[in-house]
>>> print(open('query_3.txt').read())   # compact mmCIF, C-alpha atoms and all ligand atoms
# COMPACT_ATOMS: atom_id res chain seq x y z
CA MET A 8 -62.83 -65.67 -102.49
CA ARG A 9 -61.65 -67.44 -99.35
CA THR A 10 -59.27 -66.63 -96.46
CA GLN A 11 -58.79 -67.58 -92.82
CA VAL A 12 -59.41 -64.10 -91.34
CA GLY A 13 -61.41 -61.46 -93.21
CA ILE A 14 -60.52 -58.01 -91.83
CA ILE A 15 -62.89 -55.05 -92.28
CA GLY A 16 -61.04 -51.72 -92.15
CA ALA A 17 -57.46 -50.68 -93.02
CA GLY A 18 -56.74 -48.36 -90.15
CA PRO A 19 -53.94 -49.13 -87.68
CA ALA A 20 -55.96 -51.92 -86.01
CA GLY A 21 -56.84 -53.82 -89.19
CA LEU A 22 -53.48 -53.36 -90.86
CA LEU A 23 -51.47 -54.39 -87.79
CA LEU A 24 -53.76 -57.39 -87.15
CA SER A 25 -53.16 -58.53 -90.73
CA ARG A 26 -49.40 -58.18 -90.25
CA LEU A 27 -49.35 -60.01 -86.92
CA LEU A 28 -51.44 -62.87 -88.34
CA GLN A 29 -49.27 -63.08 -91.46
CA LEU A 30 -46.23 -63.51 -89.19
CA ARG A 31 -48.09 -66.37 -87.49
CA GLY A 32 -48.80 -68.05 -90.84
CA ILE A 33 -52.47 -67.09 -90.99
CA ASP A 34 -53.99 -65.83 -94.25
CA THR A 35 -55.97 -62.61 -94.22
CA VAL A 36 -57.71 -60.25 -96.62
CA VAL A 37 -58.17 -56.60 -95.61
CA LEU A 38 -61.18 -54.71 -96.99
CA GLU A 39 -61.14 -50.89 -96.90
CA ASN A 40 -63.97 -48.69 -98.19
CA ARG A 41 -61.83 -45.57 -98.69
CA SER A 42 -58.96 -44.98 -101.09
CA ARG A 43 -55.32 -45.37 -100.07
CA GLU A 44 -54.84 -41.63 -100.50
CA TYR A 45 -57.76 -40.88 -98.17
CA VAL A 46 -56.57 -43.30 -95.50
CA GLU A 47 -53.02 -41.97 -95.63
CA ALA A 48 -54.14 -38.32 -95.49
CA ARG A 49 -56.07 -38.60 -92.22
CA ILE A 50 -54.46 -36.49 -89.48
CA ARG A 51 -54.53 -38.38 -86.19
CA ALA A 52 -52.65 -38.46 -82.89
CA GLY A 53 -48.97 -39.07 -82.47
CA ILE A 54 -47.92 -40.67 -79.19
CA LEU A 55 -46.75 -44.31 -79.15
CA GLU A 56 -46.37 -46.29 -75.94
CA GLU A 57 -43.26 -48.45 -75.54
CA HIS A 58 -45.22 -51.69 -76.17
CA THR A 59 -46.64 -50.18 -79.38
CA VAL A 60 -43.14 -49.33 -80.60
CA ARG A 61 -41.89 -52.79 -79.68
CA THR A 62 -44.83 -54.47 -81.40
CA LEU A 63 -44.27 -52.50 -84.63
CA VAL A 64 -40.50 -53.10 -84.61
CA ASP A 65 -40.91 -56.83 -83.84
CA ALA A 66 -43.47 -57.03 -86.68
CA GLY A 67 -40.87 -55.65 -89.09
CA VAL A 68 -42.68 -52.35 -89.75
CA GLY A 69 -40.74 -50.12 -87.37
CA ASP A 70 -37.63 -49.13 -89.39
CA ARG A 71 -38.77 -45.59 -90.23
CA LEU A 72 -40.24 -45.22 -86.74
CA GLN A 73 -36.80 -46.00 -85.30
CA ARG A 74 -35.17 -43.50 -87.67
CA GLU A 75 -37.69 -40.66 -87.49
CA GLY A 76 -39.63 -41.23 -84.26
CA LEU A 77 -38.82 -38.87 -81.38
CA PRO A 78 -38.26 -40.59 -78.02
CA HIS A 79 -39.66 -38.47 -75.18
CA ASP A 80 -38.75 -38.87 -71.51
CA GLY A 81 -41.82 -37.09 -70.26
CA ILE A 82 -44.39 -34.34 -70.55
CA HIS A 83 -44.85 -30.90 -69.02
CA LEU A 84 -47.96 -30.10 -66.98
CA GLN A 85 -48.75 -26.39 -66.76
CA HIS A 86 -51.09 -24.14 -64.83
CA PRO A 87 -50.76 -20.35 -64.75
CA GLY A 88 -47.16 -19.42 -63.98
CA VAL A 89 -45.98 -23.01 -63.39
CA ARG A 90 -44.65 -25.56 -65.93
CA HIS A 91 -43.66 -28.84 -64.29
CA HIS A 92 -41.84 -31.70 -66.06
CA LEU A 93 -42.76 -35.31 -65.32
CA ASP A 94 -39.73 -37.59 -65.77
CA PHE A 95 -41.25 -40.84 -67.04
CA PRO A 96 -38.10 -43.05 -66.86
CA GLY A 97 -37.45 -41.78 -63.32
CA LEU A 98 -41.07 -42.38 -62.29
CA CYS A 99 -41.86 -45.69 -64.01
CA GLY A 100 -38.89 -46.80 -66.13
CA ARG A 101 -40.68 -46.23 -69.44
CA LYS A 102 -40.85 -43.51 -72.11
CA VAL A 103 -43.02 -42.69 -75.13
CA TRP A 104 -42.31 -41.90 -78.77
CA VAL A 105 -43.70 -39.13 -80.97
CA TYR A 106 -44.52 -40.53 -84.41
CA GLY A 107 -47.71 -39.63 -86.27
CA GLN A 108 -50.39 -42.30 -86.59
CA THR A 109 -50.53 -41.27 -90.23
CA GLU A 110 -46.92 -42.45 -90.55
CA VAL A 111 -47.70 -45.74 -88.77
CA THR A 112 -50.53 -46.32 -91.23
CA LYS A 113 -48.30 -45.53 -94.22
CA ASP A 114 -45.64 -47.94 -92.97
CA LEU A 115 -48.22 -50.71 -92.50
CA ILE A 116 -49.80 -50.13 -95.92
CA ARG A 117 -46.40 -50.12 -97.62
CA ALA A 118 -45.50 -53.44 -95.98
CA GLN A 119 -48.88 -54.93 -96.85
CA LEU A 120 -48.66 -53.91 -100.52
CA ASP A 121 -45.04 -55.11 -100.70
CA GLY A 122 -45.75 -58.82 -100.83
CA GLY A 123 -48.18 -58.90 -97.91
CA PRO A 124 -51.73 -60.30 -97.84
CA PRO A 125 -54.43 -58.79 -100.11
CA LEU A 126 -55.48 -55.23 -99.18
CA LEU A 127 -58.47 -54.06 -101.21
CA PHE A 128 -59.23 -50.31 -101.23
CA GLY A 129 -62.42 -48.68 -102.45
CA VAL A 130 -64.80 -51.52 -101.60
CA SER A 131 -68.45 -50.85 -100.71
CA ASP A 132 -71.60 -52.53 -99.37
CA VAL A 133 -69.51 -54.47 -96.85
CA SER A 134 -71.61 -56.86 -94.78
CA PRO A 135 -70.43 -59.57 -92.32
CA GLU A 136 -72.75 -62.61 -92.43
CA ASP A 137 -73.30 -65.93 -90.60
CA VAL A 138 -70.95 -64.91 -87.81
CA ASP A 139 -72.72 -67.20 -85.30
CA GLY A 140 -71.49 -70.31 -87.11
CA ASP A 141 -67.92 -71.42 -87.90
CA ALA A 142 -68.12 -70.39 -91.58
CA PRO A 143 -68.77 -66.65 -91.66
CA ARG A 144 -68.46 -64.53 -94.81
CA ILE A 145 -68.15 -60.93 -95.79
CA ARG A 146 -70.24 -59.75 -98.71
CA PHE A 147 -68.96 -56.63 -100.46
CA THR A 148 -68.73 -54.88 -103.79
CA ASP A 149 -65.17 -54.51 -105.07
CA ALA A 150 -63.67 -51.34 -106.53
CA ASP A 151 -64.73 -52.48 -110.01
CA GLY A 152 -68.36 -52.69 -108.88
CA THR A 153 -68.41 -56.49 -108.86
CA PRO A 154 -70.30 -58.18 -106.00
CA GLN A 155 -67.99 -60.47 -104.00
CA ALA A 156 -68.32 -62.96 -101.11
CA LEU A 157 -65.24 -63.57 -98.95
CA GLU A 158 -65.60 -66.91 -97.15
CA CYS A 159 -63.68 -66.91 -93.84
CA ASP A 160 -63.02 -68.84 -90.65
CA VAL A 161 -63.07 -65.58 -88.67
CA VAL A 162 -64.08 -61.95 -89.31
CA ALA A 163 -62.27 -59.05 -87.59
CA GLY A 164 -64.26 -55.82 -87.27
CA THR A 165 -61.57 -53.12 -87.25
CA ASP A 166 -63.73 -50.61 -89.09
CA GLY A 167 -63.75 -47.81 -86.55
CA PHE A 168 -66.53 -45.96 -84.78
CA HIS A 169 -68.71 -45.58 -87.88
CA GLY A 170 -68.12 -49.09 -89.20
CA VAL A 171 -70.59 -51.90 -89.91
CA SER A 172 -69.19 -54.49 -87.52
CA ARG A 173 -70.24 -53.19 -84.11
CA PRO A 174 -73.97 -53.14 -85.03
CA VAL A 175 -73.71 -56.83 -85.98
CA VAL A 176 -72.20 -57.67 -82.59
CA ALA A 177 -74.79 -55.48 -80.83
CA GLY A 178 -77.55 -57.33 -82.71
CA ALA A 179 -76.93 -60.31 -80.42
CA GLY A 180 -77.15 -58.21 -77.26
CA GLY A 181 -74.58 -56.42 -75.13
CA ARG A 182 -74.49 -52.79 -74.11
CA THR A 183 -72.69 -49.47 -74.64
CA TRP A 184 -71.50 -46.66 -72.39
CA GLU A 185 -71.04 -43.13 -73.71
CA ARG A 186 -70.00 -39.72 -72.42
CA THR A 187 -69.89 -36.69 -74.70
CA TYR A 188 -67.73 -33.92 -73.28
CA PRO A 189 -68.91 -30.28 -73.30
CA TYR A 190 -65.83 -29.18 -75.21
CA ALA A 191 -63.83 -29.95 -78.34
CA TRP A 192 -60.24 -29.54 -79.57
CA LEU A 193 -59.27 -27.14 -82.31
CA GLY A 194 -56.09 -28.71 -83.75
CA ILE A 195 -53.49 -27.22 -86.08
CA LEU A 196 -50.42 -28.45 -87.91
CA ALA A 197 -47.83 -25.68 -88.43
CA ASP A 198 -44.51 -25.50 -90.22
CA VAL A 199 -42.60 -24.22 -87.22
CA ALA A 200 -40.16 -25.88 -84.86
CA PRO A 201 -41.84 -26.93 -81.62
CA SER A 202 -41.38 -24.33 -78.87
CA ALA A 203 -40.77 -26.99 -76.23
CA ASP A 204 -38.66 -30.14 -76.12
CA GLU A 205 -41.54 -32.33 -74.99
CA LEU A 206 -45.34 -32.04 -74.88
CA VAL A 207 -46.96 -29.33 -72.77
CA TYR A 208 -50.46 -29.94 -71.32
CA ALA A 209 -51.68 -26.56 -70.04
CA TRP A 210 -54.64 -25.71 -67.82
CA HIS A 211 -55.71 -22.08 -68.23
CA PRO A 212 -58.77 -19.99 -67.23
CA ASP A 213 -59.48 -19.53 -70.97
CA GLY A 214 -59.31 -23.27 -71.58
CA PHE A 215 -56.96 -26.22 -72.11
CA ALA A 216 -54.09 -26.13 -74.61
CA LEU A 217 -51.68 -28.84 -75.78
CA LEU A 218 -48.32 -28.29 -77.46
CA SER A 219 -47.25 -31.36 -79.42
CA MET A 220 -45.17 -32.03 -82.51
CA ARG A 221 -44.64 -34.28 -85.52
CA SER A 222 -40.94 -33.62 -86.21
CA PRO A 223 -38.21 -31.08 -85.34
CA THR A 224 -39.79 -28.74 -87.92
CA VAL A 225 -43.54 -29.45 -87.60
CA SER A 226 -45.65 -28.46 -84.60
CA ARG A 227 -49.02 -29.95 -83.66
CA LEU A 228 -51.06 -27.79 -81.26
CA TYR A 229 -54.57 -27.92 -79.86
CA LEU A 230 -56.77 -25.59 -77.86
CA GLN A 231 -60.06 -26.25 -76.12
CA VAL A 232 -63.10 -24.74 -77.83
CA ASP A 233 -66.86 -25.06 -77.53
CA PRO A 234 -68.15 -28.13 -79.42
CA ALA A 235 -70.39 -25.85 -81.50
CA GLU A 236 -67.43 -23.75 -82.68
CA GLU A 237 -66.98 -23.31 -86.43
CA ILE A 238 -63.43 -23.55 -87.75
CA GLY A 239 -64.23 -20.54 -89.94
CA ASN A 240 -64.42 -18.40 -86.81
CA TRP A 241 -60.76 -19.10 -86.04
CA SER A 242 -58.23 -17.19 -88.08
CA ASP A 243 -54.61 -18.29 -87.76
CA ASP A 244 -53.88 -15.14 -85.75
CA ARG A 245 -56.75 -15.83 -83.35
CA ILE A 246 -55.48 -19.40 -82.88
CA TRP A 247 -51.90 -18.30 -82.22
CA ASP A 248 -53.06 -15.59 -79.82
CA GLY A 249 -55.17 -18.08 -77.91
CA LEU A 250 -52.31 -20.57 -77.70
CA ALA A 251 -49.80 -17.89 -76.64
CA THR A 252 -52.15 -16.77 -73.85
CA ARG A 253 -52.72 -20.29 -72.55
CA PHE A 254 -49.03 -21.31 -72.63
CA ALA A 255 -47.73 -17.96 -71.30
CA LEU A 256 -44.69 -18.41 -69.03
CA ASP A 257 -42.01 -15.94 -67.94
CA GLY A 258 -38.89 -16.25 -70.09
CA TRP A 259 -40.55 -18.47 -72.69
CA GLU A 260 -42.12 -17.62 -76.05
CA LEU A 261 -44.41 -19.58 -78.38
CA ARG A 262 -42.94 -19.64 -81.90
CA THR A 263 -45.53 -19.23 -84.65
CA GLY A 264 -45.46 -20.21 -88.31
CA PRO A 265 -47.61 -21.14 -91.35
CA VAL A 266 -50.65 -23.19 -90.39
CA THR A 267 -50.96 -26.10 -92.86
CA GLU A 268 -54.04 -27.84 -91.42
CA LYS A 269 -56.72 -26.92 -88.92
CA SER A 270 -59.84 -28.78 -87.75
CA ILE A 271 -62.17 -29.17 -84.78
CA LEU A 272 -62.32 -32.62 -83.13
CA PRO A 273 -65.25 -33.67 -80.92
CA MET A 274 -64.49 -35.39 -77.62
CA ARG A 275 -66.26 -38.49 -76.36
CA SER A 276 -65.76 -41.65 -74.35
CA PHE A 277 -67.47 -44.73 -75.76
CA VAL A 278 -67.28 -48.43 -74.89
CA SER A 279 -69.23 -51.28 -76.46
CA ALA A 280 -69.33 -54.74 -74.88
CA PRO A 281 -68.87 -57.53 -75.67
CA MET A 282 -66.16 -57.22 -78.33
CA ARG A 283 -67.20 -60.51 -79.95
CA ARG A 284 -70.17 -62.27 -81.51
CA GLY A 285 -69.40 -65.85 -82.54
CA ARG A 286 -66.63 -65.67 -85.16
CA LEU A 287 -66.78 -61.82 -85.41
CA PHE A 288 -64.26 -59.98 -83.19
CA LEU A 289 -64.05 -56.19 -82.72
CA ALA A 290 -60.79 -54.31 -82.17
CA GLY A 291 -59.83 -50.65 -81.96
CA ASP A 292 -62.21 -47.75 -82.50
CA ALA A 293 -64.91 -50.20 -83.67
CA ALA A 294 -65.38 -51.09 -79.99
CA HIS A 295 -64.23 -48.00 -78.08
CA ILE A 296 -63.41 -44.33 -78.33
CA VAL A 297 -61.35 -42.31 -75.85
CA PRO A 298 -60.89 -38.52 -75.69
CA PRO A 299 -57.40 -37.73 -77.05
CA THR A 300 -56.11 -36.14 -73.81
CA GLY A 301 -54.51 -39.38 -72.64
CA ALA A 302 -53.00 -40.23 -76.07
CA LYS A 303 -54.55 -43.73 -75.80
CA GLY A 304 -56.53 -44.27 -79.03
CA LEU A 305 -53.85 -45.82 -81.24
CA ASN A 306 -52.14 -47.63 -78.36
CA LEU A 307 -55.42 -49.23 -77.29
CA ALA A 308 -56.03 -50.43 -80.85
CA VAL A 309 -52.54 -52.00 -80.84
CA ALA A 310 -53.24 -53.68 -77.50
CA ASP A 311 -56.51 -55.14 -78.82
CA VAL A 312 -54.97 -56.65 -81.94
CA THR A 313 -51.98 -57.97 -80.00
CA LEU A 314 -54.39 -59.99 -77.83
CA LEU A 315 -56.59 -60.92 -80.81
CA ALA A 316 -53.73 -62.15 -83.03
CA GLU A 317 -52.52 -64.50 -80.30
CA ALA A 318 -56.08 -65.74 -79.65
CA LEU A 319 -56.84 -66.37 -83.34
CA ALA A 320 -53.54 -68.19 -83.87
CA ARG A 321 -54.39 -70.54 -80.99
CA LEU A 322 -57.87 -71.17 -82.41
CA LEU A 323 -56.87 -71.63 -86.06
CA HIS A 324 -53.58 -73.53 -85.54
CA GLU A 325 -54.43 -75.57 -82.44
CA GLY A 326 -58.23 -75.61 -82.44
CA GLN A 327 -58.18 -74.27 -78.87
CA PRO A 328 -60.94 -71.64 -78.19
CA ASP A 329 -59.75 -70.62 -74.72
CA LEU A 330 -58.06 -67.36 -75.75
CA VAL A 331 -60.81 -66.28 -78.16
CA ASP A 332 -63.37 -67.06 -75.45
CA SER A 333 -61.58 -64.76 -72.99
CA TYR A 334 -60.55 -62.11 -75.58
CA SER A 335 -63.44 -59.73 -74.97
CA ASP A 336 -63.06 -59.70 -71.18
CA ARG A 337 -59.26 -59.33 -71.36
CA ALA A 338 -59.45 -56.56 -73.95
CA LEU A 339 -62.20 -54.71 -72.06
CA ALA A 340 -60.16 -54.72 -68.85
CA ARG A 341 -57.54 -52.58 -70.60
CA VAL A 342 -60.19 -50.58 -72.44
CA TRP A 343 -61.73 -49.49 -69.13
CA ARG A 344 -58.32 -48.69 -67.61
CA CYS A 345 -57.49 -46.47 -70.61
CA THR A 346 -61.02 -45.04 -70.65
CA HIS A 347 -60.69 -44.04 -67.01
CA PHE A 348 -57.24 -42.51 -67.49
CA SER A 349 -58.37 -40.57 -70.58
CA TRP A 350 -61.43 -39.31 -68.69
CA TRP A 351 -59.26 -38.35 -65.69
CA MET A 352 -56.74 -36.40 -67.80
CA THR A 353 -59.60 -34.71 -69.67
CA SER A 354 -61.47 -33.78 -66.48
CA MET A 355 -58.33 -32.43 -64.82
CA LEU A 356 -57.28 -30.19 -67.68
CA HIS A 357 -60.39 -28.79 -69.39
CA ARG A 358 -62.24 -25.72 -68.15
CA SER A 359 -65.92 -26.35 -67.47
CA GLY A 360 -66.63 -22.69 -66.66
CA ASP A 361 -67.48 -23.62 -63.05
CA ASP A 362 -65.09 -22.05 -60.50
CA PHE A 363 -65.52 -24.91 -58.03
CA ASP A 364 -64.36 -27.30 -60.77
CA ALA A 365 -61.42 -24.99 -61.44
CA GLU A 366 -60.24 -25.17 -57.84
CA LEU A 367 -60.54 -28.96 -57.83
CA GLN A 368 -58.56 -29.17 -61.09
CA LEU A 369 -55.81 -26.86 -59.84
CA SER A 370 -55.58 -28.85 -56.61
CA GLN A 371 -55.24 -32.08 -58.61
CA LEU A 372 -52.58 -30.52 -60.86
CA ARG A 373 -50.61 -29.23 -57.87
CA ARG A 374 -50.83 -32.71 -56.31
CA VAL A 375 -49.47 -34.41 -59.45
CA CYS A 376 -46.69 -31.81 -59.70
CA SER A 377 -45.65 -32.17 -56.05
CA SER A 378 -46.23 -35.84 -55.16
CA GLU A 379 -44.04 -38.58 -56.62
CA ALA A 380 -46.80 -41.11 -55.95
CA ALA A 381 -49.39 -39.03 -57.83
CA ALA A 382 -46.95 -38.34 -60.67
CA ARG A 383 -46.08 -42.05 -60.90
CA GLU A 384 -49.75 -42.95 -61.34
CA LEU A 385 -49.98 -40.56 -64.28
CA ALA A 386 -46.65 -41.73 -65.74
CA GLU A 387 -47.54 -45.44 -65.52
CA ASN A 388 -50.85 -44.91 -67.30
CA TYR A 389 -49.56 -42.45 -69.88
CA THR A 390 -46.64 -44.67 -70.92
CA GLY A 391 -48.87 -47.77 -71.00
CA LEU A 392 -49.41 -50.46 -68.38
CA PRO A 393 -48.11 -53.96 -69.23
CA LEU A 394 -50.62 -55.86 -71.38
CA ASP A 395 -51.47 -58.33 -68.63
CA ARG A 396 -52.49 -55.55 -66.18
N1 LIG B 401 -66.00 -51.17 -94.83
C1 LIG B 401 -64.64 -51.12 -94.97
N2 LIG B 401 -63.85 -50.27 -94.28
C2 LIG B 401 -64.47 -49.41 -93.42
C3 LIG B 401 -65.87 -49.41 -93.22
C4 LIG B 401 -66.64 -50.33 -93.98
N3 LIG B 401 -67.97 -50.40 -93.86
N4 LIG B 401 -66.17 -48.44 -92.30
C5 LIG B 401 -65.01 -47.87 -91.94
N5 LIG B 401 -63.99 -48.45 -92.60
C6 LIG B 401 -62.56 -48.12 -92.49
C7 LIG B 401 -62.25 -46.64 -92.31
O1 LIG B 401 -62.19 -45.98 -93.57
C8 LIG B 401 -60.89 -46.70 -91.63
O2 LIG B 401 -59.84 -46.71 -92.58
O3 LIG B 401 -62.08 -48.72 -91.30
C9 LIG B 401 -60.92 -48.02 -90.86
C10 LIG B 401 -60.99 -47.80 -89.36
O4 LIG B 401 -59.78 -47.17 -88.94
P1 LIG B 401 -59.74 -46.19 -87.66
O5 LIG B 401 -61.00 -45.40 -87.61
O6 LIG B 401 -58.43 -45.45 -87.72
O7 LIG B 401 -59.77 -47.14 -86.40
P2 LIG B 401 -58.63 -48.10 -85.80
O8 LIG B 401 -57.92 -48.83 -86.88
O9 LIG B 401 -59.32 -48.83 -84.73
O10 LIG B 401 -57.55 -47.10 -85.17
C11 LIG B 401 -57.83 -46.41 -84.00
O11 LIG B 401 -57.51 -44.39 -85.17
O12 LIG B 401 -59.23 -42.89 -85.31
C12 LIG B 401 -58.07 -43.16 -84.70
O13 LIG B 401 -58.12 -42.09 -82.58
C13 LIG B 401 -58.25 -43.32 -83.23
O14 LIG B 401 -55.97 -43.48 -82.75
C14 LIG B 401 -57.17 -44.25 -82.88
C15 LIG B 401 -57.03 -45.14 -84.07
C1 LIG B 402 -50.78 -35.33 -80.93
O1 LIG B 402 -49.55 -35.12 -81.09
O2 LIG B 402 -51.61 -35.29 -81.89
C2 LIG B 402 -51.30 -35.64 -79.55
C3 LIG B 402 -50.40 -35.82 -78.51
C4 LIG B 402 -50.87 -36.10 -77.23
C5 LIG B 402 -52.24 -36.18 -77.01
C6 LIG B 402 -53.15 -36.01 -78.06
C7 LIG B 402 -52.68 -35.73 -79.34
O3 LIG B 402 -52.70 -36.42 -75.75
>>> encode(input="query_3.txt", output="structure tokens")
Amino acid sequence: MRTQVGIIGAGPAGLLLSRLLQLRGIDTVVLENRSREYVEARIRAGILEEHTVRTLVDAGVGDRLQREGLPHDGIHLQHPGVRHHLDFPGLCGRKVWVYGQTEVTKDLIRAQLDGGPPLLFGVSDVSPEDVDGDAPRIRFTDADGTPQALECDVVAGTDGFHGVSRPVVAGAGGRTWERTYPYAWLGILADVAPSADELVYAWHPDGFALLSMRSPTVSRLYLQVDPAEEIGNWSDDRIWDGLATRFALDGWELRTGPVTEKSILPMRSFVSAPMRRGRLFLAGDAAHIVPPTGAKGLNLAVADVTLLAEALARLLHEGQPDLVDSYSDRALARVWRCTHFSWWMTSMLHRSGDDFDAELQLSQLRRVCSSEAAARELAENYTGLPLDR
């Protein structure tokens, strides 16, 4: 088998990279070790920055997003007794959209299978080789159990945090940074109309809570728990009671309904540099992880592959290595900006149990809710800084 760009991983990063390269006339093959059903069933975040929406629409995979996505002009920040709305268009001229990452992935897979480049599910034993030369390959076993070798010009490692690509890059040196947070999120999906028009990020003495949504009839909610918590300890009633307590506000009520999915998500920050080794390039969760508080994970993956697609087109069409040579540094600049913002949102909103921390957090929240300058800094980061900044 031969292609120009071999892509490991069919999450949002790999699938969108394949689409962007196809539109630039570059052949790809996407290799995914899970089944289509598994990939499409993963529950992930749901906030898209304006550039992400524009990228998907311009790539011809944004029709359903435009029909079903929910444009949001802001978020609510809450601390006991106060719920304050941040008006994103008024603060920074941008907005965000609510559209599940699961739906983005389904739209990309559908486009890929409908006349797009090869997308192979259920592969195994995937191994990038000879990435230091200009003729790398990916060895793998296909879904039929047949050993294969995919000869490439370039390999893209978009195989997420647990993938095989980052260790290959790290084998040539580099370094990682990691912070594991002393809390986790218990997340639920519920068949009930959201109780607020836009997202509510709430600080509370019992712990953080987030009210989000997937559609006008499906709510997505999270509450801070100890990382060691077992989901079996949390009945639906206990979850709803905890959420109602943390969102409590005079004249407002949290609507409850059937819980259709619940799980506990760990929280970490992770960055690996560089994001390249020879002809192997990392993008998305393969290179970095952010805590979900800043809603950056998917948007950062889109930013990476937007830069990478342009760089690979210049290399493979024009033989110019300048953009691939600067890809890692340019991508990491945004990775660190998003890593800082995600850490800042997480640190401001999650209870550590220390009362000094609590006073600092409440002071920061009051500052953001009362100062246009402080609110603008949050709004600019949350809605996504321009790719060149
Ligand atoms: N071979 C082939 N595919 C692999 C391998 C492997 N060895 N290891 C992992 N994969 C696949 C996973 O099954 C997954 O489908 O790579 C894909 C990686 O996708 P994601 O983990 O979703 O990462 P990414 O595409 O970078 O998207 C980042 O996803 O996890 C969320 O919060 C994250 O929103 C962010 C987004
Ligand atoms: C979600 O809807 O899943 C979501 C929204 C905002 C976040 C994190 C998750 O910050």
>>> closest_atom_pairs(input="query_3.txt", of="chain A", to="ligand LIG 402 (chain B)", cutoff="6 Å", atoms="all atoms listed in the file", output="tab-separated table")
residue	atom	partner	partner_atom	distance
A:Ala52	CA	B:LIG402	O2	3.5
A:Gly53	CA	B:LIG402	O1	4.2
A:Ile54	CA	B:LIG402	C3	5.5
A:Ser219	CA	B:LIG402	O1	4.7
A:Met220	CA	B:LIG402	O1	5.5
A:Arg227	CA	B:LIG402	O1	5.8
A:Pro299	CA	B:LIG402	C6	4.7
A:Thr300	CA	B:LIG402	O3	3.9
A:Gly301	CA	B:LIG402	O3	4.7
A:Ala302	CA	B:LIG402	O3	3.8
>>> residues_near_ligand(input="query_3.txt", ligand="ligand LIG 401 (chain B)", cutoff="6 Å", atoms="all atoms listed in the file", output="list in words")
Ile15, Gly16, Ala17, Gly18, Pro19, Ala20, Gly21, Leu38, Glu39, Asn40, Arg41, Val46, Val133, Thr165, Asp166, Gly167, His169, Gly170, Val171, Gly291, Asp292, Ala293, Gly304, Leu305 and Ala308 of chain A
>>> residues_around(input="query_3.txt", residues="Ser42 in chain A", least_positions_apart="6", cutoff="9 Å", atoms="all atoms listed in the file", output="PyMOL selection string")
chain A and resi 128-130
>>> residues_around(input="query_3.txt", residues="range 98-107 of chain A", least_positions_apart="4", cutoff="9 Å", atoms="all atoms listed in the file", output="ChimeraX atom specification")
/A:50-57,60,72,75-81,93-94,111-112,219-222,379-380,382-384,386-387,389-391
>>> closest_residue(input="query_3.txt", among="A:Thr224, A:Thr313, A:Ser333, A:Ser202", to="Leu24 in chain A", atoms="only C-alpha atoms")
A:Thr313
>>> residues_around(input="query_3.txt", residues="Asp198 in chain A", least_positions_apart="3", cutoff="10 Å", atoms="only C-alpha atoms", output="compact mmCIF listing (two decimals) with C-alpha atoms, keeping the file's coordinate frame")
# COMPACT_ATOMS: atom_id res chain seq x y z
CA PRO A 201 -41.84 -26.93 -81.62
CA ARG A 221 -44.64 -34.28 -85.52
CA SER A 222 -40.94 -33.62 -86.21
CA PRO A 223 -38.21 -31.08 -85.34
CA THR A 224 -39.79 -28.74 -87.92
CA VAL A 225 -43.54 -29.45 -87.60
CA SER A 226 -45.65 -28.46 -84.60
CA ARG A 227 -49.02 -29.95 -83.66
CA THR A 263 -45.53 -19.23 -84.65
CA GLY A 264 -45.46 -20.21 -88.31
CA PRO A 265 -47.61 -21.14 -91.35
CA VAL A 266 -50.65 -23.19 -90.39
CA THR A 267 -50.96 -26.10 -92.86
CA GLU A 268 -54.04 -27.84 -91.42
>>> closest_residue(input="query_3.txt", among="A:Leu287, A:Val199, A:Leu250, A:Ile271", to="Ala179 in chain A", atoms="only C-alpha atoms")
A:Leu287
>>> atom_distance(input="query_3.txt", atom1="CA of His295 in chain A", atom2="CA of Leu120 in chain A")
27.9 Å
>>> residues_near_point(input="query_3.txt", point="(-46.6, -23.7, -66.3)", cutoff="12 Å", atoms="only C-alpha atoms", output="number ranges by chain")
A: 82-92, 203, 207-211, 216-217, 252-259, 369, 372-373, 376
>>> write_last_selection(input="query_3.txt", atoms="C-alpha atoms", output="CSV table (one decimal), keeping the file's coordinate frame")
chain,number,residue,atom,x,y,z
A,82,ILE,CA,-44.4,-34.3,-70.6
A,83,HIS,CA,-44.8,-30.9,-69.0
A,84,LEU,CA,-48.0,-30.1,-67.0
A,85,GLN,CA,-48.8,-26.4,-66.8
A,86,HIS,CA,-51.1,-24.1,-64.8
A,87,PRO,CA,-50.8,-20.4,-64.8
A,88,GLY,CA,-47.2,-19.4,-64.0
A,89,VAL,CA,-46.0,-23.0,-63.4
A,90,ARG,CA,-44.6,-25.6,-65.9
A,91,HIS,CA,-43.7,-28.8,-64.3
A,92,HIS,CA,-41.8,-31.7,-66.1
A,203,ALA,CA,-40.8,-27.0,-76.2
A,207,VAL,CA,-47.0,-29.3,-72.8
A,208,TYR,CA,-50.5,-29.9,-71.3
A,209,ALA,CA,-51.7,-26.6,-70.0
A,210,TRP,CA,-54.6,-25.7,-67.8
A,211,HIS,CA,-55.7,-22.1,-68.2
A,216,ALA,CA,-54.1,-26.1,-74.6
A,217,LEU,CA,-51.7,-28.8,-75.8
A,252,THR,CA,-52.2,-16.8,-73.8
A,253,ARG,CA,-52.7,-20.3,-72.6
A,254,PHE,CA,-49.0,-21.3,-72.6
A,255,ALA,CA,-47.7,-18.0,-71.3
A,256,LEU,CA,-44.7,-18.4,-69.0
A,257,ASP,CA,-42.0,-15.9,-67.9
A,258,GLY,CA,-38.9,-16.2,-70.1
A,259,TRP,CA,-40.6,-18.5,-72.7
A,369,LEU,CA,-55.8,-26.9,-59.8
A,372,LEU,CA,-52.6,-30.5,-60.9
A,373,ARG,CA,-50.6,-29.2,-57.9
A,376,CYS,CA,-46.7,-31.8,-59.7
